[in-house]
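This is data-v5.cif. It holds mmCIF, C-alpha atoms.
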```
data_data
#
loop_
_atom_site.label_atom_id
_atom_site.label_comp_id
_atom_site.auth_asym_id
_atom_site.auth_seq_id
_atom_site.Cartn_x
_atom_site.Cartn_y
_atom_site.Cartn_z
CA MET A 1 0.00 0.00 0.00
CA ARG A 2 1.72 3.10 -1.34
CA LEU A 3 0.44 5.41 1.42
CA LEU A 4 1.99 3.34 4.20
CA GLU A 5 5.25 2.87 2.28
CA GLU A 6 5.53 6.63 1.90
CA LYS A 7 4.94 7.13 5.64
CA ILE A 8 7.64 4.57 6.42
CA LEU A 9 10.13 6.21 4.05
CA LYS A 10 9.38 9.66 5.42
CA TYR A 11 9.17 8.96 9.16
CA GLY A 12 10.68 5.50 9.76
CA LYS A 13 14.19 5.08 11.17
CA VAL A 14 16.31 1.98 10.64
CA TYR A 15 18.61 0.86 13.46
CA PRO A 16 21.09 -2.03 13.72
CA GLY A 17 19.52 -5.36 14.62
CA ASN A 18 16.77 -5.08 12.00
CA ILE A 19 14.93 -2.53 14.09
CA LEU A 20 12.52 -0.22 12.26
CA LYS A 21 11.35 2.63 14.46
CA VAL A 22 7.93 3.89 13.40
CA ASP A 23 6.74 5.17 16.73
CA SER A 24 5.92 8.61 15.37
CA PHE A 25 2.82 7.24 13.59
CA LEU A 26 2.24 3.55 14.34
CA ASN A 27 3.07 2.30 17.81
CA HIS A 28 3.58 5.09 20.35
CA GLN A 29 2.22 8.24 18.74
CA VAL A 30 -0.48 6.89 16.43
CA ASP A 31 -1.88 8.57 13.32
CA MET A 32 -5.52 7.49 13.72
CA ALA A 33 -6.52 8.87 10.30
CA LEU A 34 -3.88 6.58 8.79
CA MET A 35 -5.17 3.69 10.93
CA GLY A 36 -8.59 4.27 9.38
CA GLN A 37 -7.12 4.05 5.88
CA LEU A 38 -5.12 0.90 6.70
CA ALA A 39 -8.19 -0.64 8.32
CA GLN A 40 -10.25 0.12 5.20
CA GLU A 41 -7.69 -1.73 3.08
CA ILE A 42 -7.70 -4.73 5.43
CA TYR A 43 -11.50 -4.70 5.38
CA ASN A 44 -11.51 -4.69 1.56
CA ASN A 45 -9.32 -7.80 1.58
CA PHE A 46 -11.39 -9.78 4.10
CA LYS A 47 -14.91 -8.41 3.72
CA ASP A 48 -16.20 -11.64 2.17
CA CYS A 49 -14.76 -13.85 4.93
CA ALA A 50 -17.69 -13.60 7.40
CA VAL A 51 -15.39 -12.25 10.12
CA THR A 52 -17.03 -12.24 13.58
CA LYS A 53 -14.08 -11.08 15.75
CA VAL A 54 -10.85 -9.13 15.29
CA LEU A 55 -8.00 -10.38 17.50
CA THR A 56 -4.68 -8.72 18.36
CA ILE A 57 -2.10 -8.59 21.19
CA GLU A 58 -1.70 -5.68 23.56
CA ALA A 59 -0.50 -3.01 23.23
CA SER A 60 0.68 -1.80 19.85
CA GLY A 61 -1.69 -3.91 17.76
CA ILE A 62 -4.74 -2.32 19.40
CA PRO A 63 -5.13 0.95 17.42
CA LEU A 64 -5.18 -0.79 14.02
CA ALA A 65 -7.22 -3.75 15.29
CA GLY A 66 -9.79 -1.38 16.80
CA ALA A 67 -10.09 0.63 13.59
CA THR A 68 -10.45 -2.61 11.61
CA ALA A 69 -13.17 -3.92 13.92
CA GLN A 70 -15.09 -0.68 13.32
CA PHE A 71 -15.24 -1.48 9.59
CA PHE A 72 -16.43 -5.04 10.22
CA ASN A 73 -18.77 -3.88 13.00
CA VAL A 74 -17.57 -6.75 15.20
CA PRO A 75 -15.84 -6.81 18.61
CA MET A 76 -12.08 -6.43 18.91
CA ILE A 77 -10.28 -8.66 21.41
CA PHE A 78 -6.78 -7.95 22.60
CA ALA A 79 -4.85 -10.88 24.03
CA LYS A 80 -3.27 -9.96 27.35
CA LYS A 81 0.34 -10.48 28.22
CA ALA A 82 0.73 -12.18 31.56
CA SER A 83 3.12 -14.24 33.60
CA ALA A 84 2.19 -17.91 33.89
CA LYS A 85 1.41 -17.40 37.61
CA ASN A 86 -1.38 -15.08 36.68
CA MET A 87 -3.26 -17.54 34.45
CA SER A 88 -6.67 -18.76 35.47
CA ALA A 89 -8.37 -21.85 34.08
CA ASN A 90 -10.82 -19.74 32.13
CA PHE A 91 -8.25 -18.51 29.63
CA TYR A 92 -6.80 -19.86 26.45
CA SER A 93 -3.06 -19.25 26.54
CA ALA A 94 -0.03 -19.57 24.32
CA LYS A 95 3.64 -18.68 24.50
CA VAL A 96 5.23 -16.05 22.28
CA TYR A 97 8.97 -15.75 21.76
CA SER A 98 10.19 -12.16 21.84
CA PHE A 99 13.27 -11.68 19.69
CA THR A 100 13.55 -8.13 21.05
CA HIS A 101 13.85 -9.28 24.66
CA GLY A 102 15.15 -12.81 24.07
CA ASN A 103 12.51 -14.53 26.19
CA TYR A 104 9.09 -16.14 26.10
CA TYR A 105 5.97 -14.48 27.37
CA GLU A 106 2.49 -15.83 27.81
CA ILE A 107 -0.59 -14.39 26.16
CA LYS A 108 -4.14 -15.17 27.20
CA VAL A 109 -7.68 -14.71 25.95
CA CYS A 110 -10.74 -15.33 28.13
CA LYS A 111 -12.65 -18.40 26.93
CA ASP A 112 -15.93 -16.46 27.05
CA TYR A 113 -14.96 -14.36 24.05
CA LEU A 114 -13.89 -16.93 21.44
CA THR A 115 -16.08 -19.87 20.51
CA LYS A 116 -16.28 -22.49 17.78
CA ASP A 117 -18.80 -20.27 15.97
CA ASP A 118 -16.27 -17.46 15.49
CA THR A 119 -14.31 -16.59 12.37
CA VAL A 120 -11.34 -14.55 13.51
CA LEU A 121 -9.28 -11.97 11.66
CA ILE A 122 -5.93 -11.42 13.35
CA VAL A 123 -4.52 -7.89 13.11
CA ASP A 124 -1.12 -6.64 14.22
CA ASP A 125 1.23 -3.74 13.61
CA PHE A 126 4.24 -5.94 12.72
CA LEU A 127 4.94 -9.40 11.32
CA ALA A 128 8.56 -10.58 11.43
CA ASN A 129 9.36 -14.15 12.48
CA GLY A 130 5.68 -14.89 12.95
CA SER A 131 5.85 -16.01 16.57
CA ALA A 132 3.08 -13.69 17.78
CA LEU A 133 0.84 -14.54 14.85
CA GLU A 134 1.31 -18.30 15.31
CA SER A 135 0.47 -17.97 19.00
CA LEU A 136 -2.71 -16.02 18.23
CA MET A 137 -3.66 -18.70 15.66
CA ASP A 138 -2.98 -21.32 18.31
CA ILE A 139 -5.45 -19.58 20.64
CA VAL A 140 -8.08 -19.38 17.87
CA ASN A 141 -7.58 -23.11 17.25
CA GLN A 142 -7.92 -23.89 20.97
CA ALA A 143 -11.33 -22.21 20.84
CA GLY A 144 -12.31 -24.34 17.85
CA ALA A 145 -12.82 -21.12 15.87
CA LYS A 146 -11.76 -20.45 12.28
CA VAL A 147 -8.86 -18.21 11.26
CA ALA A 148 -9.94 -15.91 8.41
CA GLY A 149 -6.36 -14.75 8.03
CA ALA A 150 -4.18 -11.88 9.16
CA GLY A 151 -4.06 -8.18 8.35
CA ILE A 152 -0.68 -6.64 9.13
CA ALA A 153 0.61 -3.09 8.81
CA ILE A 154 4.33 -3.77 8.26
CA GLU A 155 5.88 -7.14 7.41
CA LYS A 156 9.61 -7.65 7.62
CA GLY A 157 9.74 -9.84 4.52
CA PHE A 158 13.40 -10.69 5.06
CA GLN A 159 12.39 -12.54 8.22
CA LYS A 160 10.47 -15.46 6.89
CA GLY A 161 7.46 -15.64 9.22
CA GLY A 162 4.97 -14.28 6.71
CA ASP A 163 6.12 -16.39 3.77
CA GLU A 164 6.18 -19.58 5.84
CA LEU A 165 2.61 -19.00 6.98
CA ARG A 166 1.49 -18.21 3.41
CA ALA A 167 3.08 -21.49 2.30
CA LYS A 168 0.82 -23.23 4.84
CA GLY A 169 -2.22 -21.66 3.17
CA ILE A 170 -2.86 -18.83 5.64
CA LYS A 171 -4.17 -15.66 3.99
CA ILE A 172 -1.89 -12.85 5.09
CA VAL A 173 -2.38 -9.30 3.86
CA SER A 174 0.52 -7.02 4.77
CA LEU A 175 0.11 -3.41 3.76
CA ALA A 176 3.85 -2.86 3.41
CA ILE A 177 6.42 -5.65 3.01
CA ILE A 178 10.06 -4.75 3.54
CA ASP A 179 12.42 -7.06 1.63
CA GLU A 180 15.63 -5.29 2.60
CA MET A 181 16.58 -2.57 5.01
CA SER A 182 19.70 -1.05 6.49
CA ALA A 183 20.73 2.31 7.87
CA GLU A 184 23.10 2.71 4.89
CA LYS A 185 21.00 1.50 1.97
CA GLY A 186 17.57 2.44 3.25
CA ILE A 187 14.41 0.41 2.74
CA THR A 188 13.35 -1.73 -0.23
CA PHE A 189 9.68 -2.75 -0.43
CA ARG A 190 8.42 -5.89 -2.12
CA SER A 191 6.59 -4.96 -5.31
CA PRO A 192 2.81 -5.57 -5.24
CA GLU A 193 3.10 -8.21 -8.00
CA ALA A 194 5.39 -10.33 -5.80
CA CYS A 195 3.07 -10.22 -2.76
CA MET B 1 -24.31 8.56 29.90
CA ARG B 2 -27.28 6.25 29.98
CA LEU B 3 -25.98 3.91 27.25
CA LEU B 4 -22.79 3.09 29.14
CA GLU B 5 -24.64 2.71 32.45
CA GLU B 6 -26.96 0.19 30.82
CA LYS B 7 -24.00 -1.76 29.44
CA ILE B 8 -22.40 -1.83 32.89
CA LEU B 9 -25.62 -3.02 34.55
CA LYS B 10 -26.16 -5.68 31.90
CA TYR B 11 -22.61 -7.03 31.45
CA GLY B 12 -20.52 -5.77 34.39
CA LYS B 13 -19.64 -8.01 37.32
CA VAL B 14 -18.79 -6.75 40.78
CA TYR B 15 -16.18 -8.63 42.82
CA PRO B 16 -14.83 -8.09 46.33
CA GLY B 17 -12.09 -5.46 46.59
CA ASN B 18 -14.04 -2.87 44.58
CA ILE B 19 -13.34 -4.73 41.34
CA LEU B 20 -15.73 -4.10 38.46
CA LYS B 21 -15.18 -6.57 35.63
CA VAL B 22 -16.23 -5.10 32.29
CA ASP B 23 -13.90 -7.07 30.07
CA SER B 24 -16.73 -8.29 27.84
CA PHE B 25 -17.05 -4.83 26.24
CA LEU B 26 -14.41 -2.40 27.52
CA ASN B 27 -10.96 -3.76 28.26
CA HIS B 28 -10.37 -7.23 26.84
CA GLN B 29 -13.13 -7.83 24.34
CA VAL B 30 -13.98 -4.33 23.16
CA ASP B 31 -17.26 -3.14 21.64
CA MET B 32 -15.83 -0.72 19.09
CA ALA B 33 -19.26 0.63 18.11
CA LEU B 34 -19.74 1.59 21.76
CA MET B 35 -16.24 3.12 21.81
CA GLY B 36 -17.34 5.31 18.90
CA GLN B 37 -20.39 6.49 20.83
CA LEU B 38 -18.37 7.18 24.00
CA ALA B 39 -15.74 8.99 21.93
CA GLN B 40 -18.45 11.15 20.33
CA GLU B 41 -19.65 12.16 23.80
CA ILE B 42 -16.11 13.00 24.93
CA TYR B 43 -15.62 14.99 21.73
CA ASN B 44 -18.82 16.96 22.36
CA ASN B 45 -17.51 17.93 25.80
CA PHE B 46 -14.06 19.06 24.64
CA LYS B 47 -14.58 20.14 21.05
CA ASP B 48 -14.00 23.81 21.87
CA CYS B 49 -10.75 23.16 23.76
CA ALA B 50 -8.36 23.25 20.76
CA VAL B 51 -7.11 19.73 21.53
CA THR B 52 -3.97 18.78 19.56
CA LYS B 53 -3.19 15.35 21.08
CA VAL B 54 -5.06 12.59 22.87
CA LEU B 55 -2.98 10.81 25.53
CA THR B 56 -3.61 7.51 27.33
CA ILE B 57 -1.69 4.62 28.94
CA GLU B 58 -1.26 1.20 27.39
CA ALA B 59 -3.10 -1.07 27.08
CA SER B 60 -6.76 -0.77 28.02
CA GLY B 61 -7.06 2.98 27.47
CA ILE B 62 -6.07 2.65 23.82
CA PRO B 63 -9.37 1.65 22.15
CA LEU B 64 -11.32 4.60 23.58
CA ALA B 65 -8.40 7.03 23.16
CA GLY B 66 -7.98 5.97 19.52
CA ALA B 67 -11.68 6.41 18.78
CA THR B 68 -11.61 9.82 20.48
CA ALA B 69 -8.57 10.94 18.47
CA GLN B 70 -10.48 10.04 15.30
CA PHE B 71 -13.18 12.57 16.22
CA PHE B 72 -10.63 15.30 16.93
CA ASN B 73 -8.55 14.30 13.91
CA VAL B 74 -5.38 14.50 16.01
CA PRO B 75 -2.74 11.90 16.92
CA MET B 76 -3.25 9.52 19.83
CA ILE B 77 -0.26 8.81 22.06
CA PHE B 78 -0.14 5.89 24.44
CA ALA B 79 2.32 6.15 27.33
CA LYS B 80 4.38 2.99 27.62
CA LYS B 81 4.84 1.02 30.78
CA ALA B 82 8.47 0.24 31.37
CA SER B 83 10.94 -0.67 34.06
CA ALA B 84 13.25 2.17 35.07
CA LYS B 85 16.20 0.31 33.49
CA ASN B 86 14.58 0.68 30.13
CA MET B 87 14.30 4.47 30.24
CA SER B 88 16.32 6.58 27.85
CA ALA B 89 17.01 10.28 28.29
CA ASN B 90 14.60 11.15 25.49
CA PHE B 91 11.48 10.25 27.44
CA TYR B 92 9.31 12.05 29.91
CA SER B 93 8.52 9.64 32.71
CA ALA B 94 6.36 9.40 35.79
CA LYS B 95 5.50 6.81 38.40
CA VAL B 96 2.03 5.32 38.76
CA TYR B 97 0.88 3.45 41.82
CA SER B 98 -1.11 0.34 41.00
CA PHE B 99 -3.63 -0.49 43.71
CA THR B 100 -4.38 -3.75 41.90
CA HIS B 101 -0.79 -4.98 42.10
CA GLY B 102 0.36 -2.94 45.12
CA ASN B 103 3.43 -1.51 43.42
CA TYR B 104 4.72 1.42 41.40
CA TYR B 105 5.37 1.25 37.70
CA GLU B 106 6.97 3.75 35.39
CA ILE B 107 5.28 5.23 32.34
CA LYS B 108 7.08 7.07 29.59
CA VAL B 109 6.33 9.26 26.59
CA CYS B 110 8.94 10.15 23.97
CA LYS B 111 9.82 13.85 24.15
CA ASP B 112 9.39 14.19 20.38
CA TYR B 113 5.63 13.79 20.62
CA LEU B 114 4.62 16.31 23.27
CA THR B 115 5.70 19.94 23.11
CA LYS B 116 4.79 23.24 24.74
CA ASP B 117 2.49 23.96 21.79
CA ASP B 118 0.25 20.98 22.56
CA THR B 119 -3.12 20.96 24.28
CA VAL B 120 -3.68 17.45 25.54
CA LEU B 121 -6.87 15.57 26.25
CA ILE B 122 -6.23 12.58 28.51
CA VAL B 123 -8.49 9.56 27.92
CA ASP B 124 -8.70 6.36 29.95
CA ASP B 125 -11.08 3.49 30.54
CA PHE B 126 -11.14 3.87 34.35
CA LEU B 127 -10.61 6.56 36.96
CA ALA B 128 -10.43 5.46 40.57
CA ASN B 129 -7.83 6.91 42.92
CA GLY B 130 -6.49 9.10 40.12
CA SER B 131 -2.89 7.92 40.23
CA ALA B 132 -2.66 7.16 36.49
CA LEU B 133 -4.35 10.42 35.55
CA GLU B 134 -2.09 12.49 37.79
CA SER B 135 0.98 10.81 36.30
CA LEU B 136 -0.22 11.55 32.76
CA MET B 137 -0.84 15.17 33.76
CA ASP B 138 2.66 15.25 35.24
CA ILE B 139 4.06 14.15 31.87
CA VAL B 140 2.04 16.80 30.02
CA ASN B 141 3.38 19.40 32.46
CA GLN B 142 6.97 18.19 31.96
CA ALA B 143 6.48 18.90 28.25
CA GLY B 144 5.22 22.39 29.02
CA ALA B 145 1.96 21.49 27.27
CA LYS B 146 -1.56 22.32 28.43
CA VAL B 147 -4.02 19.80 29.89
CA ALA B 148 -7.45 20.27 28.29
CA GLY B 149 -8.92 17.80 30.77
CA ALA B 150 -9.77 14.13 30.92
CA GLY B 151 -12.40 11.97 29.26
CA ILE B 152 -13.06 8.76 31.19
CA ALA B 153 -15.36 5.83 30.50
CA ILE B 154 -16.02 4.64 34.08
CA GLU B 155 -15.21 6.56 37.24
CA LYS B 156 -15.33 4.86 40.62
CA GLY B 157 -16.81 7.89 42.35
CA PHE B 158 -16.48 6.27 45.78
CA GLN B 159 -12.69 6.43 45.35
CA LYS B 160 -11.98 10.10 45.49
CA GLY B 161 -9.50 10.59 42.64
CA GLY B 162 -11.95 12.27 40.28
CA ASP B 163 -13.50 14.61 42.83
CA GLU B 164 -10.10 15.68 44.17
CA LEU B 165 -8.92 16.57 40.67
CA ARG B 166 -12.16 18.45 39.92
CA ALA B 167 -11.62 20.42 43.15
CA LYS B 168 -8.25 21.48 41.71
CA GLY B 169 -10.02 22.85 38.63
CA ILE B 170 -9.31 20.00 36.21
CA LYS B 171 -12.16 19.36 33.77
CA ILE B 172 -13.03 15.69 34.06
CA VAL B 173 -15.83 14.17 32.04
CA SER B 174 -16.68 10.63 33.15
CA LEU B 175 -19.37 8.90 31.11
CA ALA B 176 -20.51 6.76 34.04
CA ILE B 177 -19.77 7.53 37.68
CA ILE B 178 -20.34 4.76 40.21
CA ASP B 179 -21.09 6.07 43.68
CA GLU B 180 -21.66 2.70 45.30
CA MET B 181 -21.20 -0.90 44.30
CA SER B 182 -21.21 -4.30 45.91
CA ALA B 183 -21.95 -7.85 44.81
CA GLU B 184 -25.01 -7.82 47.10
CA LYS B 185 -26.52 -4.40 46.46
CA GLY B 186 -25.46 -3.90 42.86
CA ILE B 187 -24.34 -0.62 41.33
CA THR B 188 -25.56 2.92 42.04
CA PHE B 189 -24.64 5.62 39.54
CA ARG B 190 -24.25 9.29 40.36
CA SER B 191 -27.14 11.24 38.88
CA PRO B 192 -26.21 13.58 36.01
CA GLU B 193 -27.17 16.67 38.06
CA ALA B 194 -24.58 15.79 40.68
CA CYS B 195 -21.72 15.30 38.17
#
```

Show this structure as C-alpha cells.
Amino acid sequence: MRLLEEKILKYGKVYPGNILKVDSFLNHQVDMALMGQLAQEIYNNFKDCAVTKVLTIEASGIPLAGATAQFFNVPMIFAKKASAKNMSANFYSAKVYSFTHGNYYEIKVCKDYLTKDDTVLIVDDFLANGSALESLMDIVNQAGAKVAGAGIAIEKGFQKGGDELRAKGIKIVSLAIIDEMSAEKGITFRSPEAC
Amino acid sequence: MRLLEEKILKYGKVYPGNILKVDSFLNHQVDMALMGQLAQEIYNNFKDCAVTKVLTIEASGIPLAGATAQFFNVPMIFAKKASAKNMSANFYSAKVYSFTHGNYYEIKVCKDYLTKDDTVLIVDDFLANGSALESLMDIVNQAGAKVAGAGIAIEKGFQKGGDELRAKGIKIVSLAIIDEMSAEKGITFRSPEAC
C-alpha cells in the first residue's frame, strides 16, 4: 500500500539489529486517520470472509485492530500479556517468543470471548518471524474457531514468518512488506506483483 | 451517559475489593461501536478546547483514546509502561501506583511527541484513585503542554481521585460515575445533576 510505504520512508528510522522505528505514527504516537485508511484496506481484503471477531495482542496492535473492527462492525479482542502465575483456568493461553527481549511471554484470551462459531481476523502492527501470529492462531484453534487470516501493517519480509505462513495456506495481507533494510541502503519494499 | 450505564448493569460483574469486571465490552473484548459512541460524547464535551493530542496509557485505554482521536482528527499517544532500566534520556517519565498490584510502575512518553504547543486531552477506561491520571498530567506538564482535561469511561466515584482533581479545577468528564457498588446491592450511579 503506497500510502503506508511513503509514511515509512518519510518517518521511519532503521537501526542495527533489524529494528525499524515507526513510533511517530504507528506504535507510540499513532496517526488514527492513517489507521482508518489501513483498516479500510484490510477490510476490503477480508470483507467476504464472514469475520465475527478481530483479535490482536496488547498493546501496539490495538489501534489498528480497533479501527479494523469498526469497519467489520464486530468486537475487537486484545490478548493480554501475563506471567504464567497469573493464568486462570478460564483462559486460552499460548507462549510467544520475543526476539527483542530474548525470552518467552504468555498471552491469554478469556474463553468467554472466542467460541467455535467465530471466524477470527488477526490484526497486528508488525509481522517478522511470525511467533506472535502463530500464538494467536494457536489460541483461535484452541477455541475451535476459524482463522480468516491476518491483516498486518508492516511485514519484515526478510524474516520469513509471513512467507512460511502463506506457504501453509494462511491468507496474510501485509500493507507494506520490507524485503531489505539497512541504515546505509535504506528500505526496499516488495513490489505488489510479488506479494 | 445512559448507554454506558446500561451496558455496565447488563454485562458488568462486581467482585470483592471494589473490582468491576467489564472485560466483555471495555478492556479485553472491546465493543468498538460503543467506543465510537463514547468517543463522540467525549468529543462533544471538549470540542472547543483546541485539543492537539489525545494521551492515554497502554493497554486498556487505547481503544477509547484511539476512537476519540479520530473525532478530533489529532494523533493519539499511548504512554508505555516500562521498568526504570529501560528508560532513555529522550522520554518524559512518571511513576504510577497500581492499587491492583500494590506496586509502582513507570510510564514514559517520547519527548518528540509532546511539546509546549500541545493541548492534551487525557483519555482512559477507568478513573479510581487518580494515580494514572495524575501521572499523565505530570508528563504533560513536563512537556510544558496544556491539559485540556480528561475523558473517562467509568469513574469509581467512591474512590476520590476524580472529585479531588475536579476540586483542583481539572475538567473531568466521566461517562458513568459509580457512587456505590457491591456484589449484594449492585451498582448505584451518580445522577447527572450531581456530576

If you count all atoms listed in the file, which residues fall within 12 Å of Pro192 of chain B, apart from same-chain ones fewer than 2 positions away, as a tab-separated table (two decimals) with C-alpha atoms, in the coordinates of the input?
```tsv
chain	number	residue	atom	x	y	z
B	1	MET	CA	-24.31	8.56	29.90
B	2	ARG	CA	-27.28	6.25	29.98
B	5	GLU	CA	-24.64	2.71	32.45
B	173	VAL	CA	-15.83	14.17	32.04
B	174	SER	CA	-16.68	10.63	33.15
B	175	LEU	CA	-19.37	8.90	31.11
B	176	ALA	CA	-20.51	6.76	34.04
B	177	ILE	CA	-19.77	7.53	37.68
B	178	ILE	CA	-20.34	4.76	40.21
B	179	ASP	CA	-21.09	6.07	43.68
B	189	PHE	CA	-24.64	5.62	39.54
B	190	ARG	CA	-24.25	9.29	40.36
B	194	ALA	CA	-24.58	15.79	40.68
B	195	CYS	CA	-21.72	15.30	38.17
```

Starting from the shown file, work through the PyMOL selection byres ((chain A and resi 137) around 12) and note down what comes out as a ChimeraX atom specification. /A:54-57,79,92-96,107,109,114,119-123,130-136,138-150,165,170

Using the chain letters and numbers from the file, give me the residues hit by the PyMOL selection byres ((chain A) within 7 of (chain B)), as a list in words. His28, Gln29, Val30, Asp31, Met32, Ala33, Glu58, Ala59, Ile62, Pro63, Gly66, Ala69, Gln70, Asn73, Pro75, Met76, Ile77, Phe78 and Tyr113 of chain A

Go ahead and write the residues just picked, C-alpha atoms, as an mmCIF file, in the frame of the given file.
```cif
data_model
loop_
_atom_site.group_PDB
_atom_site.id
_atom_site.type_symbol
_atom_site.label_atom_id
_atom_site.label_comp_id
_atom_site.auth_asym_id
_atom_site.auth_seq_id
_atom_site.Cartn_x
_atom_site.Cartn_y
_atom_site.Cartn_z
ATOM 1 C CA HIS A 28 3.580 5.090 20.350
ATOM 2 C CA GLN A 29 2.220 8.240 18.740
ATOM 3 C CA VAL A 30 -0.480 6.890 16.430
ATOM 4 C CA ASP A 31 -1.880 8.570 13.320
ATOM 5 C CA MET A 32 -5.520 7.490 13.720
ATOM 6 C CA ALA A 33 -6.520 8.870 10.300
ATOM 7 C CA GLU A 58 -1.700 -5.680 23.560
ATOM 8 C CA ALA A 59 -0.500 -3.010 23.230
ATOM 9 C CA ILE A 62 -4.740 -2.320 19.400
ATOM 10 C CA PRO A 63 -5.130 0.950 17.420
ATOM 11 C CA GLY A 66 -9.790 -1.380 16.800
ATOM 12 C CA ALA A 69 -13.170 -3.920 13.920
ATOM 13 C CA GLN A 70 -15.090 -0.680 13.320
ATOM 14 C CA ASN A 73 -18.770 -3.880 13.000
ATOM 15 C CA PRO A 75 -15.840 -6.810 18.610
ATOM 16 C CA MET A 76 -12.080 -6.430 18.910
ATOM 17 C CA ILE A 77 -10.280 -8.660 21.410
ATOM 18 C CA PHE A 78 -6.780 -7.950 22.600
ATOM 19 C CA TYR A 113 -14.960 -14.360 24.050
#
```

To test your reading of the syntax: which residues would the PyMOL selection byres ((chain A and resi 13) around 10) return for the file shown? Reply as a list in words.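 That selection, the PyMOL selection byres ((chain A and resi 13) around 10), comes back as Ile8, Leu9, Lys10, Tyr11, Gly12, Val14, Tyr15, Ile19, Leu20, Lys21, Val22, Asp23, Ser24, Ser182, Ala183, Gly186 and Ile187 of chain A.
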
Counting all atoms listed in the file, closest pick from A:Ala128, A:Ile152, A:Ala82, A:Met181 relative to Asn45 of chain A is A:Ile152

Interatomic distance, atom CA of Lys111 of chain B to atom CA of Pro16 of chain A (Å, one decimal):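 Here the two named atoms are 22.1 Å from each other.
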
Interatomic distance (Å, one decimal) between atom CA of Asn90 of chain A and atom CA of Lys108 of chain A: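 A separation of 9.5 Å between them.
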
Please reconstruct the missing atoms of segment 18-32 of chain A (target: N, CA and C atoms) and return them as a short mmCIF file (atom, residue, chain, number, x, y, z; two decimals), keeping the file's coordinate frame.
```
data_model
loop_
_atom_site.label_atom_id
_atom_site.label_comp_id
_atom_site.auth_asym_id
_atom_site.auth_seq_id
_atom_site.Cartn_x
_atom_site.Cartn_y
_atom_site.Cartn_z
N ASN A 18 18.04 -5.01 12.74
CA ASN A 18 16.77 -5.08 12.00
C ASN A 18 15.62 -4.37 12.71
N ILE A 19 15.97 -3.30 13.40
CA ILE A 19 14.93 -2.53 14.09
C ILE A 19 14.45 -1.39 13.19
N LEU A 20 13.14 -1.33 12.99
CA LEU A 20 12.52 -0.22 12.26
C LEU A 20 11.67 0.56 13.25
N LYS A 21 12.07 1.81 13.49
CA LYS A 21 11.35 2.63 14.46
C LYS A 21 10.30 3.44 13.72
N VAL A 22 9.03 3.17 14.02
CA VAL A 22 7.93 3.89 13.40
C VAL A 22 6.98 4.41 14.48
N ASP A 23 7.61 4.80 15.61
CA ASP A 23 6.74 5.17 16.73
C ASP A 23 6.23 6.60 16.65
N SER A 24 6.52 7.29 15.55
CA SER A 24 5.92 8.61 15.37
C SER A 24 4.52 8.52 14.76
N PHE A 25 4.17 7.34 14.19
CA PHE A 25 2.82 7.24 13.59
C PHE A 25 2.13 5.90 13.80
N LEU A 26 2.87 4.88 14.29
CA LEU A 26 2.24 3.55 14.34
C LEU A 26 2.11 2.97 15.75
N ASN A 27 3.15 3.08 16.56
CA ASN A 27 3.07 2.30 17.81
C ASN A 27 3.53 3.03 19.09
N HIS A 28 3.42 4.34 19.08
CA HIS A 28 3.58 5.09 20.35
C HIS A 28 2.75 6.37 20.18
N GLN A 29 3.17 7.26 19.28
CA GLN A 29 2.22 8.24 18.74
C GLN A 29 1.55 7.56 17.54
N VAL A 30 0.24 7.64 17.46
CA VAL A 30 -0.48 6.89 16.43
C VAL A 30 -1.32 7.84 15.58
N ASP A 31 -1.11 7.78 14.28
CA ASP A 31 -1.88 8.57 13.32
C ASP A 31 -3.20 7.82 13.08
N MET A 32 -4.26 8.26 13.78
CA MET A 32 -5.52 7.49 13.72
C MET A 32 -6.21 7.63 12.36
#
```
